[in-house]
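Participant: Let me begin by handing over the structure; questions about it come next.
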Amino acid sequence: MKIAVIGGGVSGSLLGYLLKAKTNHEVKLFDVINKYVKPCGDIVPNVFSTPYPWEVKFGIKRFAFYIDGERVYDVEYRHTKWLVIDKWKWINDMRKNLGFNHVSEFRKEDFDLVIDAKGPYDMDRDVVYTTRAIIKTDKFSDEAIFEFDTKYTGFYWIFPAEEGLLNIGAGFIEYKNSKELLLKYMKERYGNFELLDMRGAPISISPVHNKVGRIGEARGLVFPLSGEGIRPSAISAIKAYEVLSYDFNRFEERLDSALKSLEDSIMLQHKILLLYRKSGLSLRKGLLKFLFKNEILIDAYLEDKLTPEGITESARFVKSGGILRK
């Protein structure tokens, strides 16, 4: 079978790699650019491994949470909670193995199946416009920081990128010029620093109405409370590959079934986000303090498992002594 994958990000590149390496299908990958450069936090919770290995640049055990400039909680884990990966290299290596075709060359009639992995760029959903910077600073810390400003819906992040480098970003629904906010934030927090890279990207924060033929962020598979999209996009690629390995004729039905649990978790986060957006400033601050002063909810948040089952799992983990300090 001839399969076209439109979009060479996380989901498109991983699906293309799996189909080429493990099936007899003929697959072609199409994109508008020949190298992947979309910025993000480059973070994956340490509960998932990918069929095509990624390079781990840093392991994060310590986290801190700020609300309107106040440090409200910090926590340290006994094991590595988050992995900082070289996402660009991981994706571009898969693309090299697949070969690259420019999207202008695509003709739908040449293929038996077309998979849409274009990310959010059809803009058929709500997005938040984020900006991410990589800086070099003598104030480097191995601690991951979330800082919430309750005037807006969103947060600043500060993650270690690798030794001596920080990945700092901002994204707020009500303020589209996240670059302006981020530059001000970095100057206030770090003073002098060397800016190595800065670029922006939209991130999906609402469901999409049409999921047919879509995987990854094109399908809306981003956790809206954290912005984490690498793992859900990779999971969707793996599930699409598994379905295409044995039942092409029922692809949509089986893919919907395979992704139901993941999509239910994301939909629950959408509902929580909607509640937050409709809340006044005092209620927003109260909701955030409730979340970030509870080690069980923090653990569930950091692994994007804010479901009854996920919270129960986090409660067992905390009770077993997984947290070193709180």
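Following the order of the structure tokens, first chain is A, next is B, and so on, with residues numbered from 1 inside each chain and ligands from 1 in the order they appear.
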Using DSSP assignments from the backbone, pull out every residue in range 11-204 of chain A that falls under alpha helix (DSSP H) and give it to me as a VMD selection string.
Facilitator: chain A and resid 11 to 22 87 to 98 178 to 190
Participant: Applying 10 Å and only C-alpha atoms, which residues near Leu19 in chain A remain after dropping the ones on its own chain fewer than 4 positions away? List them as a list in words.
Facilitator: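 Contacts, with the query itself left out: Ile3, Ser13, Leu14, Leu15, Thr23, Asn24, His25, Glu26, Val27, Lys28, Leu98, Ala237, Ile238, Ala240, Tyr241, Glu242, Leu244 and Ser245 of chain A.
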Participant: Ile215 in chain A: which residues within 12 Å, counting only C-alpha atoms, same-chain residues fewer than 5 positions away excluded, as JSON, numbers by chain?
Facilitator: {"A": [5, 6, 7, 8, 9, 10, 11, 12, 13, 14, 15, 16, 114, 115, 116, 117, 118, 119, 120, 208, 210, 220, 221, 222, 229, 232, 233, 234, 235, 236, 237, 238, 239, 240, 241, 251, 252, 255, 256, 258, 259, 263]}
Participant: Save out the residues we just selected, N, CA and C atoms, as a CSV table (one decimal), in the first residue's frame.
Facilitator:
chain,number,residue,atom,x,y,z
A,5,VAL,N,2.6,10.7,4.3
A,5,VAL,CA,2.5,11.3,5.6
A,5,VAL,C,2.8,12.8,5.4
A,6,ILE,N,1.9,13.7,5.6
A,6,ILE,CA,2.1,15.1,5.4
A,6,ILE,C,2.4,15.7,6.8
A,7,GLY,N,3.7,16.2,6.9
A,7,GLY,CA,4.2,16.8,8.1
A,7,GLY,C,5.2,15.9,8.8
A,8,GLY,N,6.4,16.5,8.9
A,8,GLY,CA,7.5,15.7,9.4
A,8,GLY,C,8.0,16.1,10.8
A,9,GLY,N,7.0,16.3,11.7
A,9,GLY,CA,7.3,16.5,13.1
A,9,GLY,C,7.4,15.2,13.9
A,10,VAL,N,7.0,15.2,15.1
A,10,VAL,CA,7.1,14.1,16.0
A,10,VAL,C,6.3,12.9,15.4
A,11,SER,N,5.0,13.1,15.2
A,11,SER,CA,4.1,12.0,14.8
A,11,SER,C,4.4,11.6,13.4
A,12,GLY,N,4.6,12.5,12.5
A,12,GLY,CA,4.8,12.1,11.1
A,12,GLY,C,6.1,11.4,10.9
A,13,SER,N,7.2,11.9,11.5
A,13,SER,CA,8.5,11.3,11.3
A,13,SER,C,8.5,9.9,11.9
A,14,LEU,N,7.9,9.8,13.1
A,14,LEU,CA,8.0,8.5,13.8
A,14,LEU,C,7.1,7.4,13.1
A,15,LEU,N,5.9,7.9,12.6
A,15,LEU,CA,5.1,6.9,11.9
A,15,LEU,C,5.8,6.5,10.6
A,16,GLY,N,6.3,7.5,9.8
A,16,GLY,CA,7.0,7.1,8.6
A,16,GLY,C,8.2,6.2,8.9
A,114,VAL,N,-3.7,8.9,3.0
A,114,VAL,CA,-2.9,10.1,3.3
A,114,VAL,C,-3.1,10.3,4.8
A,115,ILE,N,-2.0,10.5,5.5
A,115,ILE,CA,-2.1,10.8,7.0
A,115,ILE,C,-1.7,12.2,7.2
A,116,ASP,N,-2.5,13.0,7.9
A,116,ASP,CA,-2.3,14.4,8.2
A,116,ASP,C,-1.5,14.5,9.5
A,117,ALA,N,-0.2,14.9,9.5
A,117,ALA,CA,0.6,15.1,10.7
A,117,ALA,C,1.1,16.5,10.7
A,118,LYS,N,0.4,17.5,10.2
A,118,LYS,CA,0.9,18.8,10.0
A,118,LYS,C,0.9,19.6,11.3
A,119,GLY,N,0.6,19.1,12.4
A,119,GLY,CA,0.6,19.9,13.6
A,119,GLY,C,-0.6,20.8,13.7
A,120,PRO,N,-0.4,22.0,14.3
A,120,PRO,CA,-1.6,22.9,14.5
A,120,PRO,C,-1.8,23.8,13.3
A,208,VAL,N,-10.0,19.5,18.2
A,208,VAL,CA,-10.3,19.7,16.8
A,208,VAL,C,-11.6,19.0,16.5
A,210,ASN,N,-12.5,17.8,13.4
A,210,ASN,CA,-12.3,16.8,12.4
A,210,ASN,C,-11.0,16.0,12.7
A,220,GLY,N,-4.9,17.3,17.6
A,220,GLY,CA,-5.2,18.0,18.9
A,220,GLY,C,-4.5,17.3,20.1
A,221,LEU,N,-3.6,16.4,19.8
A,221,LEU,CA,-3.0,15.6,20.9
A,221,LEU,C,-1.9,16.4,21.6
A,222,VAL,N,-2.3,17.4,22.4
A,222,VAL,CA,-1.4,18.1,23.3
A,222,VAL,C,-2.1,18.2,24.6
A,229,GLY,N,3.5,17.9,24.2
A,229,GLY,CA,2.9,17.2,23.0
A,229,GLY,C,3.8,16.1,22.4
A,232,PRO,N,2.3,12.4,23.6
A,232,PRO,CA,1.0,12.0,22.9
A,232,PRO,C,1.2,11.9,21.4
A,233,SER,N,2.0,12.8,20.8
A,233,SER,CA,2.2,12.7,19.4
A,233,SER,C,2.9,11.4,19.0
A,234,ALA,N,3.9,11.0,19.8
A,234,ALA,CA,4.6,9.7,19.5
A,234,ALA,C,3.7,8.5,19.7
A,235,ILE,N,2.9,8.6,20.8
A,235,ILE,CA,1.9,7.5,21.0
A,235,ILE,C,1.0,7.4,19.9
A,236,SER,N,0.5,8.5,19.3
A,236,SER,CA,-0.5,8.4,18.2
A,236,SER,C,0.2,7.8,17.0
A,237,ALA,N,1.5,8.1,16.8
A,237,ALA,CA,2.2,7.5,15.6
A,237,ALA,C,2.3,6.0,15.8
A,238,ILE,N,2.7,5.5,17.0
A,238,ILE,CA,2.8,4.1,17.3
A,238,ILE,C,1.5,3.4,17.1
A,239,LYS,N,0.4,4.0,17.6
A,239,LYS,CA,-0.9,3.3,17.5
A,239,LYS,C,-1.3,3.3,16.0
A,240,ALA,N,-1.0,4.4,15.2
A,240,ALA,CA,-1.4,4.3,13.8
A,240,ALA,C,-0.6,3.3,13.1
A,241,TYR,N,0.7,3.1,13.4
A,241,TYR,CA,1.5,2.1,12.8
A,241,TYR,C,1.0,0.7,13.2
A,251,PHE,N,-9.1,1.5,9.4
A,251,PHE,CA,-8.0,2.3,10.0
A,251,PHE,C,-8.6,3.4,11.0
A,252,GLU,N,-9.6,4.1,10.5
A,252,GLU,CA,-10.2,5.2,11.3
A,252,GLU,C,-10.8,4.7,12.6
A,255,LEU,N,-8.1,3.3,15.0
A,255,LEU,CA,-7.3,4.3,15.5
A,255,LEU,C,-8.1,5.1,16.6
A,256,ASP,N,-9.3,5.4,16.3
A,256,ASP,CA,-10.2,6.0,17.4
A,256,ASP,C,-10.2,5.2,18.6
A,258,ALA,N,-8.0,3.0,19.7
A,258,ALA,CA,-6.6,2.9,20.3
A,258,ALA,C,-6.2,4.2,21.0
A,259,LEU,N,-6.8,5.3,20.6
A,259,LEU,CA,-6.4,6.6,21.2
A,259,LEU,C,-7.4,7.1,22.2
A,263,GLU,N,-7.1,10.4,24.5
A,263,GLU,CA,-7.9,11.6,24.2
A,263,GLU,C,-8.9,12.0,25.3
Participant: So that I can check the surroundings of range 148-161 of chain A, please list as number ranges by chain every protein, DNA and RNA residue that reaches within 8 Å of it, counting only C-alpha atoms and ignoring chain neighbours fewer than 2 positions away.
Facilitator: A: 41, 57-58, 60, 65-69, 84, 134, 140-146, 163-175, 182, 276-277, 281, 284-285
Participant: Mind listing the strand (DSSP E or B) residues of range 31-270 of chain A, per DSSP on the backbone, as a ChimeraX atom specification?
Facilitator: /A:31,43-45,56-60,62-67,70-77,82-85,101-102,113-116,127-136,143-148,154-162,165-172,175,194-204,214
Participant: Tell me which of A:Lys176, A:Val75, A:Met123, A:Asp42 sits closest to Arg219 in chain A, counting only C-alpha atoms.
Facilitator: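 Closest residue, counting only C-alpha atoms: A:Met123.
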Participant: Taking only C-alpha atoms into account, name the residue in A:Asn192, A:Asn101, A:Ser178, A:Ser279 that is nearest to Ile135 in chain A.
Facilitator: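 Checking each of A:Asn192, A:Asn101, A:Ser178, A:Ser279 against Ile135 in chain A, counting only C-alpha atoms, the winner is A:Asn192.
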Participant: Neighbours of Thr312 in chain A within 12 Å (only C-alpha atoms; same-chain residues fewer than 6 positions away dropped), as number ranges by chain?
Facilitator: A: 296-297, 299-300, 305-306, 318-319
Participant: Could you turn the residues from that selection into a file that holds N, CA, C and O atoms, as an mmCIF file, in the first residue's frame?
Facilitator:
data_model
loop_
_atom_site.group_PDB
_atom_site.id
_atom_site.type_symbol
_atom_site.label_atom_id
_atom_site.label_comp_id
_atom_site.auth_asym_id
_atom_site.auth_seq_id
_atom_site.Cartn_x
_atom_site.Cartn_y
_atom_site.Cartn_z
ATOM 1 N N ILE A 296 0.715 14.928 45.662
ATOM 2 C CA ILE A 296 0.073 13.916 44.819
ATOM 3 C C ILE A 296 -0.382 14.550 43.510
ATOM 4 O O ILE A 296 -0.142 14.017 42.415
ATOM 5 N N LEU A 297 -1.025 15.724 43.599
ATOM 6 C CA LEU A 297 -1.490 16.399 42.390
ATOM 7 C C LEU A 297 -0.308 16.901 41.559
ATOM 8 O O LEU A 297 -0.367 16.892 40.327
ATOM 9 N N ASP A 299 2.603 15.431 41.310
ATOM 10 C CA ASP A 299 3.126 14.260 40.603
ATOM 11 C C ASP A 299 2.249 13.916 39.403
ATOM 12 O O ASP A 299 2.755 13.620 38.317
ATOM 13 N N ALA A 300 0.935 13.991 39.591
ATOM 14 C CA ALA A 300 0.017 13.707 38.486
ATOM 15 C C ALA A 300 0.163 14.763 37.381
ATOM 16 O O ALA A 300 0.124 14.437 36.190
ATOM 17 N N LYS A 305 -1.222 13.065 34.141
ATOM 18 C CA LYS A 305 -2.180 11.996 34.440
ATOM 19 C C LYS A 305 -3.188 12.486 35.470
ATOM 20 O O LYS A 305 -3.416 11.856 36.490
ATOM 21 N N LEU A 306 -3.785 13.651 35.171
ATOM 22 C CA LEU A 306 -4.784 14.236 36.063
ATOM 23 C C LEU A 306 -6.153 13.598 35.823
ATOM 24 O O LEU A 306 -7.132 14.257 35.478
ATOM 25 N N VAL A 318 3.736 8.415 45.870
ATOM 26 C CA VAL A 318 4.167 9.294 46.958
ATOM 27 C C VAL A 318 4.243 8.523 48.269
ATOM 28 O O VAL A 318 5.192 8.673 49.048
ATOM 29 N N LYS A 319 3.245 7.672 48.525
ATOM 30 C CA LYS A 319 3.227 6.874 49.755
ATOM 31 C C LYS A 319 4.421 5.930 49.829
ATOM 32 O O LYS A 319 4.937 5.628 50.914
#
Participant: Looking at A:Cys40, A:Val128, A:Val32, A:Val47, which one is nearest to Ile203 in chain A, with distances taken over only C-alpha atoms?
Facilitator: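 Selected residue with least distance to Ile203 in chain A: A:Val128.
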Participant: Using CA of Ser226 in chain A and CA of Asp304 in chain A as the two end points, give the distance in Å to one decimal.
Facilitator: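 Taking CA of Ser226 in chain A and CA of Asp304 in chain A, their separation equals 7.5 Å.
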Participant: I'd like the contact shell of Glu309 in chain A - 12 Å cut-off, only C-alpha atoms, skipping same-chain residues fewer than 6 positions apart - returned as a PyMOL selection string.
Facilitator: chain A and resi 261+265+300+315-316
Participant: Which residue gives the smallest distance to Thr50 in chain A among A:Lys96, A:Ile230, A:Ile298, A:Lys184, with only C-alpha atoms counted?
Facilitator: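 Distance minimum relative to Thr50 in chain A lands on A:Ile230.
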Participant: Determine the nearest neighbour of Val72 in chain A from the options A:Glu313, A:Glu147, A:Glu194, A:Glu162, counting only C-alpha atoms.
Facilitator: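 Between A:Glu313, A:Glu147, A:Glu194, A:Glu162, the residue approaching Val72 in chain A most closely is A:Glu147.
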Participant: Given the choices A:Tyr77, A:Trp90, A:Tyr129, A:Phe290, which gets closest to Gly321 in chain A if the distance is worked out from only C-alpha atoms?
Facilitator: A:Tyr77
Participant: CA of Asn46 in chain A and CA of Leu324 in chain A are how many Å apart?
Facilitator: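 That distance, rounded to one decimal, is 16.8 Å.
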Participant: Suppose you want the space between CA of Lys89 in chain A and CA of Asp197 in chain A; what is it in Å?
Facilitator: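 CA of Lys89 in chain A sits 15.8 Å away from CA of Asp197 in chain A.
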